[in-house]
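A.B. asks: Before anything else, here's the structure in question.
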Amino acid sequence: MKKENTQHLAGVSRRSALKSIGALGGAAAFSSIPGFTGMVHGQTDEPVRLGFQVHRTGIGAAYGRWYERTTNAAVERINNMGGINGRPIEIVGEDDGTDPKRGAEVVEKFATQHNCDAAFGTLFSHVVIGSAPRAGELKLPYLVVSEGHHVASGILNRYTLQPCITDVKSQVQAMAPFVHDNLGKKVTMIYPDFAFGHDHRDYFSEAFARRGGTILEQIAIPPAETAFTRYFPRIPRDTEILYHVMVGPAVLTFVKELGEFFGGSGPALFGFIDSLEAVDMNSPGLEFLDGSYFWEGMPRYQQEGMLEFDAEYRAAVGVDANGASISDSRDVSTYAHMFGCWETLHFIRDVMTAAAGSGNMKQAMIEAAEGVTDIAESIEHPQGAKLFNGKTHQVFGHQYISKVEGNRLNVVHSTSIEDTFYPDEVDYTQQEL
Amino acid sequence: MEFGPHFLLATLEGALTAAVLALTAVGLSVVFGIMRVVNVAHGEFFMLGAVIAWFVSTLVGVHPAIGFALALVAAPVAVGALAIVADRLVLRRLNYDPERTIVATIGLLYCIQQLTLMTFGPDARPVVPPFNQRIALPWFEFGEQGLQVIWPWGFGITTYKLAVIAFAVIILVGLWQFLARSRFGLVMRATQLDREMAQAFGIPIDRVYGLVFGLGAGLAALGAVLIVPIRQAHYLMGHEPLLLSFIVVIIGGLGSIPGTIIAAVLIGLSDGIISVFFSPTLAKIIATLLVAFVLVFRPQGLFGLRSA
Amino acid sequence: MIRPSRDVSLHAGVLAALLLLFFVTSAYHNGNLARIMVLAVFAMGYNFLFGYTGLLSLGHALFFSAGMYGLGISMNHLDMTVLPAFGMGILASLAVTGAIGFLALRTSGVAFMIVTLMFAQAGYLTILLFGKYTRGDEGFVIQQAERTLFGIDLTDPTNRYFAAFALFAVSYLFIAWAVRTSFGRCLVAIRENEARARMLGYDTARHKYLALLASGVLSGASGAGYALLFGYAGATFASVQYSILPLLWVLLGGAGTTIGPLVGTAFAFYLVDVSSEFTSAYLLVVGATIVFLTLFFPQGLSGELRRRLAPWLP
């Protein structure tokens, strides 16, 4: 702590020294000398530049908007507390259009044009997988908030981490015991027919079978589908639980048509909140969801006596107790995912602080991150305590299961961190830095 | 579900798709058939219809049915007017050159999407249907006591979906009558057959083109208003109707409005029915290939003339 | 009328300029140019069919992704090295183009547009259907360690640039040569008036088929090159959007000119890149610019150059 302070002071004094040179009219001349500029960059209050890959346009835009709001709130907090090693954070936001090609271009831009110290914030898996190779090659720490299994599956690289949101493999396998023990033994699954859906299909089926349950039917919906009723007759009559997960703009249609199809007489429903992120629970047509269950990454509706720092976090990011924007109650957040940006920024601050003073900040940052294990619940990690695995670059954390009661989601079960564990599939520390 | 009800349900769903598709595609068909331009922004006119319906029905906020009725008029008119402006400012200046129109309408597409994103936002927003009751449908089965009426699980439709189908049919019949009997319809057909000749007879081609473009966009918007209580407004919703109506217009035969309607029904229904027999993605592949092969062996479309 | 020396000096000049740009531009623009050169090959392939032969396809994403997956799957599932895998990419695009061309060329005009669009959509959905191997929309990574050719690490910025340059140069010279042959002249004749070309005794069907094959293979080479140099293959590249993009690039740059595709690809890239620095509503700028260009540059950028300044432009 003391060391940090002295460094900070040293930085300030150098800057004031520079200022006095400026007063003498020599600053411009000095800063145009390459060697001198380098020294200035390394040691003053020059901001820490973080590249933020935002889904501003494309199908991820609803998430992107809230990821951006959360990010801004976190940066404001961190900068008010003195920034990173005394340097303020500067966010360099670039739209990736929710497209893997543009995503990779944006990562290049962060590394080679904006001179960012790290990049973060990507949600959609195809953008992560399209961008990560470039981040690895350019040796730019790339911290994603995606919940995909890509990082831990070992296909990415040493510079890519997912430090603050659990992956889909963890999420679904942690759901299986609860579903089996409380809701029913015979499951039919409906999921989008692409990789995210396939992860749900494979990992849930496996975990559910381990517990002794049966998967009756797996219904894959083609991507970009806008009408769903015609697929529902495939649901076997003896289904006890319908497991559903959908992403994209048609999610609300999906849920509504499901309700109309069963007309109040169907099986119990268990879904992933991905199907209703940024969607108001009071939307017309959602009444039938009453009594159904949802996975939540972080509970959208404020829960009494749970998550000590939730209220403070909500206030900071501008979200009310119902998970909607403070300024517009119809503007519902992507609450179950966006905490990842808030926590990731604090994670970046911590590992950069730990790596302070080393010659190659980016490498040192990765090594510092790999050394992290326990992350305590705090205002900086309001979703709950977590365990980071430095070898697989993936974090593990608590999951929440909520029941829809009177148009709100009430948490009925939280899993332990251990419920989300699975054997390592990769050891990134073996790769060269 | 049993095969019978499953088949019937898929057919009903297919009919709903067909109804909305027919409206949207007829809009593209008049533009394509008469002006001979590919309007890539047609899907965006559809999307704008849905978005305006959301704004109107939310802002009015009396009874959902009143807001919806208002949207049913306001959205097509507003979108049609916008299209006429686009025709004036852009397409006419391009002299309706087919290739340049494609690029220009791609440009329009970006502009419309971005403006919608900035005003309406990235979320999918629902519009309350004016009425919506679920009707459980019966099925007949030979059981131990002879013919029995059963109520299969999930076998039903909503009144609103039925109303959409009926409304689309009424509009299409009305449009057909309008084009067949009115003076404007006559002028349109004359322009389609021979542009120079029509001009020689004193038909103001520019004004006809502007109105045709507006009519096409208005029909797309009308289709969108009808579907939005079922499928929500979203700023990227224009892609699918664009592709589908484009396909329908070609399959039906260029410039043939009955052909377009029949093709819309065929494609809507086959999309629903094929889904009964195959896994969903495979069904999509088969339906897509079917369209390709129809055209490979009948390039002029089902009802087009060979020369088209 | 056309002095060949001007042609040759233009082509040599374009290639020399691209070589020179490597040394004078920053690391960031280097990376962009490598990308643009690879994608320009896609646009050139598209231009060969559209600009020179007059066939407007909406299915080129499939040819591009055939090359991409031909290489990607060969490397990731069949453990091939770069060179044979690249060959597999070319073969895959040749096979796909050959089969689709055989059917689609029975049609022309708008029917050709829809048939190619439908085959490409079916291809896109097929990639999703075989998600086990393709990882569907999410796609897969081609690992950095495997992307080496003759011991040269293709992930190194310099090597990547020159690999992209090589791919571009070969394709560019091929097109420049092909359009000057009697075969190429015949394609233009088909574009202008197919019936007349046929009447003059040309086997127009064969010409069109060969033009489509060349177009498909160039697109496939671009796809394979893209996957190789940027380490990723995914279904997004097979979606409709990537069929429309080469059309847009070619029309912006100037259809039926040899440098048009490069100009269009570079212009479209920097239009997005630069405008997104000033405003988050950059799509509005992009859209308005496109409309503006079609209004005032009817032949595309290099087409306009040809019309106003250099009528000899090939």
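Labels used: A, B, ... for chains in the order of the structure tokens, numbers from 1 for residues in each chain, and numbers from 1 for ligands as shown.
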Give me, as a VMD selection string, the residues of segment 141-263 of chain A that a backbone DSSP run labels alpha helix (DSSP H).
C.D. replies: chain A and resid 150 to 153 168 to 178 195 to 210 251 to 262
A.B. asks: Please write the residues from the selection above to a file, keeping N, CA and C atoms, as a compact mmCIF listing (two decimals), in the first residue's frame.
C.D. replies:
```txt
# COMPACT_ATOMS: atom_id res chain seq x y z
N HIS A 150 -16.05 -21.35 -24.52
CA HIS A 150 -14.88 -21.30 -25.40
C HIS A 150 -13.56 -21.17 -24.67
N VAL A 151 -13.52 -20.32 -23.63
CA VAL A 151 -12.25 -20.11 -22.93
C VAL A 151 -11.81 -21.41 -22.28
N ALA A 152 -12.67 -21.97 -21.45
CA ALA A 152 -12.28 -23.15 -20.67
C ALA A 152 -12.14 -24.41 -21.54
N SER A 153 -12.72 -24.40 -22.74
CA SER A 153 -12.61 -25.59 -23.58
C SER A 153 -11.22 -25.73 -24.18
N VAL A 168 -21.23 -21.51 -19.70
CA VAL A 168 -22.49 -22.22 -19.87
C VAL A 168 -22.40 -23.66 -19.36
N LYS A 169 -21.24 -24.27 -19.48
CA LYS A 169 -21.10 -25.65 -19.01
C LYS A 169 -21.34 -25.72 -17.51
N SER A 170 -20.74 -24.76 -16.79
CA SER A 170 -20.96 -24.70 -15.35
C SER A 170 -22.42 -24.43 -15.02
N GLN A 171 -22.97 -23.45 -15.72
CA GLN A 171 -24.34 -23.04 -15.43
C GLN A 171 -25.30 -24.21 -15.56
N VAL A 172 -25.25 -24.88 -16.68
CA VAL A 172 -26.29 -25.89 -16.92
C VAL A 172 -26.09 -27.11 -16.04
N GLN A 173 -24.84 -27.49 -15.80
CA GLN A 173 -24.69 -28.68 -14.98
C GLN A 173 -25.06 -28.41 -13.52
N ALA A 174 -24.95 -27.15 -13.12
CA ALA A 174 -25.37 -26.80 -11.76
C ALA A 174 -26.89 -26.79 -11.62
N MET A 175 -27.59 -26.69 -12.75
CA MET A 175 -29.06 -26.67 -12.71
C MET A 175 -29.63 -28.08 -12.59
N ALA A 176 -28.90 -29.06 -13.15
CA ALA A 176 -29.46 -30.40 -13.28
C ALA A 176 -29.96 -30.99 -11.95
N PRO A 177 -29.17 -30.91 -10.86
CA PRO A 177 -29.66 -31.51 -9.60
C PRO A 177 -30.97 -30.89 -9.13
N PHE A 178 -31.06 -29.58 -9.22
CA PHE A 178 -32.28 -28.91 -8.75
C PHE A 178 -33.48 -29.33 -9.60
N ALA A 195 -24.16 -23.25 -31.75
CA ALA A 195 -23.24 -23.76 -30.73
C ALA A 195 -23.71 -23.50 -29.29
N PHE A 196 -24.23 -22.32 -29.02
CA PHE A 196 -24.68 -22.00 -27.66
C PHE A 196 -25.76 -22.99 -27.22
N GLY A 197 -26.71 -23.26 -28.13
CA GLY A 197 -27.76 -24.22 -27.84
C GLY A 197 -27.20 -25.63 -27.69
N HIS A 198 -26.21 -25.97 -28.51
CA HIS A 198 -25.63 -27.31 -28.44
C HIS A 198 -24.91 -27.52 -27.11
N ASP A 199 -24.31 -26.45 -26.59
CA ASP A 199 -23.68 -26.57 -25.28
C ASP A 199 -24.73 -26.90 -24.22
N HIS A 200 -25.87 -26.22 -24.30
CA HIS A 200 -26.96 -26.53 -23.36
C HIS A 200 -27.38 -27.98 -23.51
N ARG A 201 -27.60 -28.38 -24.75
CA ARG A 201 -28.05 -29.75 -25.04
C ARG A 201 -27.07 -30.77 -24.45
N ASP A 202 -25.80 -30.61 -24.77
CA ASP A 202 -24.83 -31.63 -24.39
C ASP A 202 -24.58 -31.65 -22.89
N TYR A 203 -24.30 -30.48 -22.31
CA TYR A 203 -23.88 -30.47 -20.91
C TYR A 203 -25.05 -30.71 -19.97
N PHE A 204 -26.22 -30.23 -20.33
CA PHE A 204 -27.34 -30.49 -19.44
C PHE A 204 -27.74 -31.96 -19.50
N SER A 205 -27.83 -32.49 -20.72
CA SER A 205 -28.21 -33.89 -20.87
C SER A 205 -27.29 -34.79 -20.06
N GLU A 206 -26.02 -34.50 -20.16
CA GLU A 206 -25.02 -35.31 -19.47
C GLU A 206 -25.23 -35.24 -17.94
N ALA A 207 -25.34 -34.02 -17.45
CA ALA A 207 -25.48 -33.85 -16.01
C ALA A 207 -26.81 -34.41 -15.51
N PHE A 208 -27.86 -34.26 -16.31
CA PHE A 208 -29.17 -34.72 -15.90
C PHE A 208 -29.22 -36.24 -15.88
N ALA A 209 -28.59 -36.86 -16.87
CA ALA A 209 -28.55 -38.32 -16.91
C ALA A 209 -27.74 -38.86 -15.73
N ARG A 210 -26.66 -38.17 -15.39
CA ARG A 210 -25.84 -38.57 -14.24
C ARG A 210 -26.68 -38.63 -12.98
N VAL A 251 -37.04 -13.76 -28.81
CA VAL A 251 -37.24 -14.52 -27.59
C VAL A 251 -38.64 -14.34 -27.00
N LEU A 252 -39.13 -13.12 -27.07
CA LEU A 252 -40.43 -12.86 -26.46
C LEU A 252 -41.53 -13.61 -27.21
N THR A 253 -41.43 -13.62 -28.54
CA THR A 253 -42.38 -14.39 -29.33
C THR A 253 -42.35 -15.85 -28.91
N PHE A 254 -41.14 -16.34 -28.74
CA PHE A 254 -40.98 -17.74 -28.37
C PHE A 254 -41.73 -18.05 -27.08
N VAL A 255 -41.48 -17.23 -26.08
CA VAL A 255 -42.09 -17.49 -24.78
C VAL A 255 -43.62 -17.33 -24.85
N LYS A 256 -44.06 -16.31 -25.59
CA LYS A 256 -45.50 -16.09 -25.71
C LYS A 256 -46.19 -17.25 -26.42
N GLU A 257 -45.57 -17.70 -27.52
CA GLU A 257 -46.19 -18.80 -28.27
C GLU A 257 -46.21 -20.09 -27.46
N LEU A 258 -45.19 -20.24 -26.62
CA LEU A 258 -45.17 -21.40 -25.74
C LEU A 258 -46.39 -21.37 -24.82
N GLY A 259 -46.66 -20.19 -24.29
CA GLY A 259 -47.81 -20.04 -23.41
C GLY A 259 -49.11 -20.29 -24.13
N GLU A 260 -49.24 -19.75 -25.33
CA GLU A 260 -50.46 -19.94 -26.09
C GLU A 260 -50.64 -21.40 -26.48
N PHE A 261 -49.54 -22.05 -26.75
CA PHE A 261 -49.62 -23.45 -27.15
C PHE A 261 -50.21 -24.30 -26.03
N PHE A 262 -49.71 -24.13 -24.84
CA PHE A 262 -50.17 -25.00 -23.75
C PHE A 262 -51.47 -24.52 -23.13
```
A.B. asks: Can you check which residues of chain B have any atom within 6 Å of chain A? Use only C-alpha atoms and format it as a VMD selection string.
C.D. replies: chain B and resid 1 6 10 122 to 124 154 231 280 to 281
A.B. asks: Would you output that residue set with N, CA and C atoms, as a CSV table (one decimal), in the first residue's frame?
C.D. replies:
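Wrote selection-v5.csv, looks like this:
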```
chain,number,residue,atom,x,y,z
B,1,MET,N,-47.4,-35.0,-30.0
B,1,MET,CA,-48.7,-34.8,-30.6
B,1,MET,C,-48.9,-35.8,-31.7
B,6,HIS,N,-51.0,-32.4,-35.4
B,6,HIS,CA,-49.7,-31.7,-35.7
B,6,HIS,C,-49.7,-31.1,-37.1
B,10,ALA,N,-49.6,-27.2,-38.0
B,10,ALA,CA,-48.5,-26.6,-38.8
B,10,ALA,C,-49.1,-25.9,-40.0
B,122,PRO,N,-32.7,-1.0,-29.2
B,122,PRO,CA,-32.4,-2.3,-29.6
B,122,PRO,C,-33.3,-3.4,-29.1
B,123,ASP,N,-34.2,-3.1,-28.3
B,123,ASP,CA,-35.1,-4.1,-27.7
B,123,ASP,C,-36.2,-4.5,-28.6
B,124,ALA,N,-36.7,-5.8,-28.4
B,124,ALA,CA,-37.9,-6.2,-29.1
B,124,ALA,C,-39.1,-5.7,-28.2
B,154,GLY,N,-52.1,-28.9,-26.5
B,154,GLY,CA,-51.5,-27.9,-27.3
B,154,GLY,C,-52.1,-27.6,-28.7
B,231,ARG,N,-45.5,-11.0,-33.2
B,231,ARG,CA,-44.1,-11.2,-33.2
B,231,ARG,C,-43.2,-10.0,-32.8
B,280,PRO,N,-36.2,-29.4,-37.4
B,280,PRO,CA,-36.4,-28.1,-37.8
B,280,PRO,C,-35.3,-27.5,-38.8
B,281,THR,N,-34.1,-27.7,-38.6
B,281,THR,CA,-33.1,-27.1,-39.5
B,281,THR,C,-33.1,-27.8,-40.8
```
A.B. asks: Kindly determine which residues of chain C lie within 7 Å of chain A, considering only C-alpha atoms, and give the answer as JSON, numbers by chain.
C.D. replies: {"C": [27, 28, 128, 131, 135, 136, 137, 138, 139, 140, 141, 155, 230, 231, 232]}
A.B. asks: Would you export the selected residues with C-alpha atoms as a tab-separated table (two decimals), in the first residue's frame, please?
C.D. replies:
```
chain	number	residue	atom	x	y	z
C	27	ALA	CA	1.04	-1.32	-37.82
C	28	TYR	CA	-2.66	-0.69	-37.65
C	128	LEU	CA	-25.25	-25.22	-38.85
C	131	GLY	CA	-22.39	-28.21	-35.97
C	135	ARG	CA	-19.25	-25.48	-34.45
C	136	GLY	CA	-22.08	-23.71	-36.27
C	137	ASP	CA	-22.36	-19.94	-35.88
C	138	GLU	CA	-19.78	-19.89	-33.11
C	139	GLY	CA	-17.13	-21.22	-35.46
C	140	PHE	CA	-13.69	-22.44	-34.53
C	141	VAL	CA	-10.16	-21.20	-34.15
C	155	THR	CA	0.66	-14.92	-37.86
C	230	PHE	CA	-6.85	-14.47	-39.25
C	231	GLY	CA	-7.29	-17.83	-37.58
C	232	TYR	CA	-11.05	-18.18	-37.55
```
A.B. asks: Give me, as CSV, the closest atom pair and its distance (Å, one decimal) for every residue of chain C within a cut-off of 7 Å of chain B, counting only C-alpha atoms, rows sorted by chain and rising number.
C.D. replies:
```
residue,atom,partner,partner_atom,distance
C:Leu103,CA,B:Val296,CA,6.3
C:Ala104,CA,B:Val296,CA,6.2
C:Arg106,CA,B:Val296,CA,6.1
C:Thr107,CA,B:Pro299,CA,5.5
C:Ala111,CA,B:Pro299,CA,5.6
C:Ile114,CA,B:Ile247,CA,6.5
C:Val115,CA,B:Ala292,CA,4.8
C:Met118,CA,B:Ala292,CA,5.6
C:Phe119,CA,B:Leu289,CA,6.5
C:Ala122,CA,B:Ile285,CA,5.0
C:Leu125,CA,B:Ile285,CA,6.2
C:Leu129,CA,B:Thr281,CA,6.6
C:Leu248,CA,B:Val103,CA,6.4
C:Ala281,CA,B:Gln114,CA,6.5
C:Leu283,CA,B:Tyr110,CA,5.7
C:Leu284,CA,B:Cys111,CA,4.6
C:Gly287,CA,B:Gly107,CA,3.8
C:Ala288,CA,B:Gly107,CA,6.1
C:Ile290,CA,B:Gly107,CA,5.1
C:Val291,CA,B:Ala104,CA,4.6
C:Thr294,CA,B:Arg100,CA,5.9
C:Leu295,CA,B:Leu94,CA,6.3
C:Pro298,CA,B:Arg100,CA,6.9
```
A.B. asks: Create the file for the chosen residues now, containing N, CA and C atoms and written as a PDB file, in the first residue's frame.
C.D. replies:
```
ATOM      1  N   LEU C 103     -26.479 -26.179 -62.031  1.00  0.00           N
ATOM      2  CA  LEU C 103     -27.923 -25.982 -61.902  1.00  0.00           C
ATOM      3  C   LEU C 103     -28.327 -24.525 -62.134  1.00  0.00           C
ATOM      4  N   ALA C 104     -27.580 -23.624 -61.490  1.00  0.00           N
ATOM      5  CA  ALA C 104     -28.026 -22.224 -61.481  1.00  0.00           C
ATOM      6  C   ALA C 104     -27.922 -21.588 -62.861  1.00  0.00           C
ATOM      7  N   ARG C 106     -28.776 -22.656 -65.541  1.00  0.00           N
ATOM      8  CA  ARG C 106     -29.963 -22.884 -66.373  1.00  0.00           C
ATOM      9  C   ARG C 106     -30.848 -21.636 -66.361  1.00  0.00           C
ATOM     10  N   THR C 107     -30.588 -20.762 -65.400  1.00  0.00           N
ATOM     11  CA  THR C 107     -31.409 -19.556 -65.262  1.00  0.00           C
ATOM     12  C   THR C 107     -30.546 -18.334 -65.546  1.00  0.00           C
ATOM     13  N   ALA C 111     -33.916 -14.711 -61.743  1.00  0.00           N
ATOM     14  CA  ALA C 111     -34.006 -16.099 -61.299  1.00  0.00           C
ATOM     15  C   ALA C 111     -32.638 -16.608 -60.861  1.00  0.00           C
ATOM     16  N   ILE C 114     -31.973 -15.428 -57.358  1.00  0.00           N
ATOM     17  CA  ILE C 114     -32.671 -16.170 -56.306  1.00  0.00           C
ATOM     18  C   ILE C 114     -32.136 -17.587 -56.175  1.00  0.00           C
ATOM     19  N   VAL C 115     -31.841 -18.231 -57.296  1.00  0.00           N
ATOM     20  CA  VAL C 115     -31.336 -19.602 -57.200  1.00  0.00           C
ATOM     21  C   VAL C 115     -30.019 -19.627 -56.432  1.00  0.00           C
ATOM     22  N   MET C 118     -30.701 -19.014 -52.785  1.00  0.00           N
ATOM     23  CA  MET C 118     -31.289 -20.161 -52.100  1.00  0.00           C
ATOM     24  C   MET C 118     -30.246 -21.245 -51.835  1.00  0.00           C
ATOM     25  N   PHE C 119     -29.386 -21.499 -52.822  1.00  0.00           N
ATOM     26  CA  PHE C 119     -28.351 -22.503 -52.592  1.00  0.00           C
ATOM     27  C   PHE C 119     -27.417 -22.049 -51.472  1.00  0.00           C
ATOM     28  N   ALA C 122     -29.151 -22.581 -48.202  1.00  0.00           N
ATOM     29  CA  ALA C 122     -29.135 -24.007 -47.864  1.00  0.00           C
ATOM     30  C   ALA C 122     -27.753 -24.402 -47.359  1.00  0.00           C
ATOM     31  N   LEU C 125     -27.294 -23.136 -43.789  1.00  0.00           N
ATOM     32  CA  LEU C 125     -28.012 -23.978 -42.832  1.00  0.00           C
ATOM     33  C   LEU C 125     -27.332 -25.336 -42.684  1.00  0.00           C
ATOM     34  N   LEU C 129     -26.215 -27.353 -39.496  1.00  0.00           N
ATOM     35  CA  LEU C 129     -26.687 -28.721 -39.256  1.00  0.00           C
ATOM     36  C   LEU C 129     -25.528 -29.627 -38.832  1.00  0.00           C
ATOM     37  N   LEU C 248     -21.662  -5.045 -53.108  1.00  0.00           N
ATOM     38  CA  LEU C 248     -21.551  -3.642 -52.694  1.00  0.00           C
ATOM     39  C   LEU C 248     -20.149  -3.106 -52.989  1.00  0.00           C
ATOM     40  N   ALA C 281     -23.286   6.513 -34.431  1.00  0.00           N
ATOM     41  CA  ALA C 281     -24.306   6.295 -35.458  1.00  0.00           C
ATOM     42  C   ALA C 281     -23.643   6.190 -36.825  1.00  0.00           C
ATOM     43  N   LEU C 283     -23.417   3.909 -38.947  1.00  0.00           N
ATOM     44  CA  LEU C 283     -24.142   3.264 -40.040  1.00  0.00           C
ATOM     45  C   LEU C 283     -24.924   4.286 -40.851  1.00  0.00           C
ATOM     46  N   LEU C 284     -25.320   5.347 -40.175  1.00  0.00           N
ATOM     47  CA  LEU C 284     -26.032   6.423 -40.859  1.00  0.00           C
ATOM     48  C   LEU C 284     -25.099   7.099 -41.862  1.00  0.00           C
ATOM     49  N   GLY C 287     -24.530   4.632 -44.709  1.00  0.00           N
ATOM     50  CA  GLY C 287     -25.698   4.564 -45.583  1.00  0.00           C
ATOM     51  C   GLY C 287     -25.809   5.806 -46.456  1.00  0.00           C
ATOM     52  N   ALA C 288     -25.654   6.975 -45.829  1.00  0.00           N
ATOM     53  CA  ALA C 288     -25.789   8.221 -46.588  1.00  0.00           C
ATOM     54  C   ALA C 288     -24.695   8.326 -47.640  1.00  0.00           C
ATOM     55  N   ILE C 290     -23.205   5.873 -49.158  1.00  0.00           N
ATOM     56  CA  ILE C 290     -23.514   4.944 -50.242  1.00  0.00           C
ATOM     57  C   ILE C 290     -24.554   5.565 -51.180  1.00  0.00           C
ATOM     58  N   VAL C 291     -25.586   6.151 -50.604  1.00  0.00           N
ATOM     59  CA  VAL C 291     -26.618   6.777 -51.424  1.00  0.00           C
ATOM     60  C   VAL C 291     -26.002   7.909 -52.246  1.00  0.00           C
ATOM     61  N   THR C 294     -23.932   6.589 -55.165  1.00  0.00           N
ATOM     62  CA  THR C 294     -24.699   6.082 -56.303  1.00  0.00           C
ATOM     63  C   THR C 294     -25.313   7.239 -57.079  1.00  0.00           C
ATOM     64  N   LEU C 295     -25.611   8.327 -56.372  1.00  0.00           N
ATOM     65  CA  LEU C 295     -26.194   9.464 -57.076  1.00  0.00           C
ATOM     66  C   LEU C 295     -25.164  10.168 -57.952  1.00  0.00           C
ATOM     67  N   PRO C 298     -22.070   7.248 -60.703  1.00  0.00           N
ATOM     68  CA  PRO C 298     -22.884   6.124 -61.167  1.00  0.00           C
ATOM     69  C   PRO C 298     -22.061   4.889 -61.571  1.00  0.00           C
TER      70      PRO C 298
END
```
A.B. asks: Between atom CA of Glu370 of chain A and atom CA of Ala119 of chain A, what is the spacing in Å?
C.D. replies: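 Calculated distance between atom CA of Ala119 of chain A and atom CA of Glu370 of chain A is 16.8 Å.
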A.B. asks: Can you tell me, as a list in words, what residues are no more than 6 Å from segment 223-227 of chain C when counting only C-alpha atoms, ignoring any on the same chain fewer than 5 positions away?
C.D. replies: Phe64, Ser65, Gly67, Met68, Leu71, Gly89, Tyr232 and Ala233 of chain C
A.B. asks: Would you pick out the contacts of Tyr242 of chain C at 12 Å or less, using only C-alpha atoms, so that residues sharing its chain but fewer than 3 positions from it are not included, and give the list as a ChimeraX atom specification?
C.D. replies: /A:99,101 /C:39,42-43,46,57-65,117,120-121,124,219,223,234-239,245-249
A.B. asks: With C-alpha atoms retained, export the selected residues as a PDB file, in the first residue's frame.
C.D. replies:
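part.pdb, written as the output of this step:
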```pdb
ATOM      1  CA  ASP A  99     -19.986  -9.663 -35.915  1.00  0.00           C
ATOM      2  CA  LYS A 101     -15.114 -10.168 -38.564  1.00  0.00           C
TER       3      LYS A 101
ATOM      4  CA  LEU C  39     -11.148  -9.622 -49.168  1.00  0.00           C
ATOM      5  CA  PHE C  42     -13.277 -12.148 -52.980  1.00  0.00           C
ATOM      6  CA  ALA C  43     -14.502  -8.951 -54.630  1.00  0.00           C
ATOM      7  CA  TYR C  46     -17.292 -11.535 -57.723  1.00  0.00           C
ATOM      8  CA  SER C  57     -25.179 -13.726 -57.967  1.00  0.00           C
ATOM      9  CA  LEU C  58     -26.430 -13.503 -54.407  1.00  0.00           C
ATOM     10  CA  GLY C  59     -24.727 -16.712 -53.337  1.00  0.00           C
ATOM     11  CA  HIS C  60     -21.040 -15.942 -53.247  1.00  0.00           C
ATOM     12  CA  ALA C  61     -20.892 -16.252 -49.464  1.00  0.00           C
ATOM     13  CA  LEU C  62     -21.155 -19.965 -50.024  1.00  0.00           C
ATOM     14  CA  PHE C  63     -18.129 -20.067 -52.327  1.00  0.00           C
ATOM     15  CA  PHE C  64     -16.162 -17.946 -49.869  1.00  0.00           C
ATOM     16  CA  SER C  65     -17.112 -20.147 -46.942  1.00  0.00           C
ATOM     17  CA  LEU C 117     -29.312 -17.027 -52.934  1.00  0.00           C
ATOM     18  CA  ALA C 120     -26.217 -20.287 -50.419  1.00  0.00           C
ATOM     19  CA  GLN C 121     -28.899 -20.216 -47.703  1.00  0.00           C
ATOM     20  CA  TYR C 124     -25.402 -21.826 -44.559  1.00  0.00           C
ATOM     21  CA  SER C 219     -13.875 -16.410 -53.707  1.00  0.00           C
ATOM     22  CA  GLY C 223     -12.094 -17.525 -47.819  1.00  0.00           C
ATOM     23  CA  GLY C 234     -17.470 -19.349 -38.697  1.00  0.00           C
ATOM     24  CA  ALA C 235     -20.920 -19.589 -40.211  1.00  0.00           C
ATOM     25  CA  THR C 236     -21.381 -15.801 -40.195  1.00  0.00           C
ATOM     26  CA  PHE C 237     -19.201 -15.732 -43.305  1.00  0.00           C
ATOM     27  CA  ALA C 238     -21.731 -17.972 -45.074  1.00  0.00           C
ATOM     28  CA  SER C 239     -24.728 -15.753 -44.289  1.00  0.00           C
ATOM     29  CA  LEU C 245     -20.963  -7.314 -49.395  1.00  0.00           C
ATOM     30  CA  PRO C 246     -18.885  -8.253 -52.480  1.00  0.00           C
ATOM     31  CA  LEU C 247     -21.670  -6.880 -54.664  1.00  0.00           C
ATOM     32  CA  LEU C 248     -21.551  -3.642 -52.694  1.00  0.00           C
ATOM     33  CA  TRP C 249     -17.752  -3.442 -52.831  1.00  0.00           C
TER      34      TRP C 249
END
```
A.B. asks: Would you give me, as JSON lines, each residue of segment 141-240 of chain B having an atom within 12 Å of an atom of segment 258-271 of chain B, along with its shortest atom pair and that distance in Å to one decimal, using only C-alpha atoms and sorting by chain and residue number?
C.D. replies:
```
{"residue": "B:Ile165", "atom": "CA", "partner": "B:Val265", "partner_atom": "CA", "distance": 11.2}
{"residue": "B:Ala168", "atom": "CA", "partner": "B:Ile261", "partner_atom": "CA", "distance": 10.9}
{"residue": "B:Val169", "atom": "CA", "partner": "B:Ile261", "partner_atom": "CA", "distance": 10.0}
{"residue": "B:Ile171", "atom": "CA", "partner": "B:Ile261", "partner_atom": "CA", "distance": 11.9}
{"residue": "B:Leu172", "atom": "CA", "partner": "B:Ile261", "partner_atom": "CA", "distance": 8.5}
{"residue": "B:Val173", "atom": "CA", "partner": "B:Pro258", "partner_atom": "CA", "distance": 10.3}
{"residue": "B:Leu175", "atom": "CA", "partner": "B:Pro258", "partner_atom": "CA", "distance": 11.0}
{"residue": "B:Trp176", "atom": "CA", "partner": "B:Pro258", "partner_atom": "CA", "distance": 8.5}
{"residue": "B:Gln177", "atom": "CA", "partner": "B:Pro258", "partner_atom": "CA", "distance": 11.8}
{"residue": "B:Leu179", "atom": "CA", "partner": "B:Pro258", "partner_atom": "CA", "distance": 11.5}
{"residue": "B:Ala180", "atom": "CA", "partner": "B:Pro258", "partner_atom": "CA", "distance": 11.6}
```
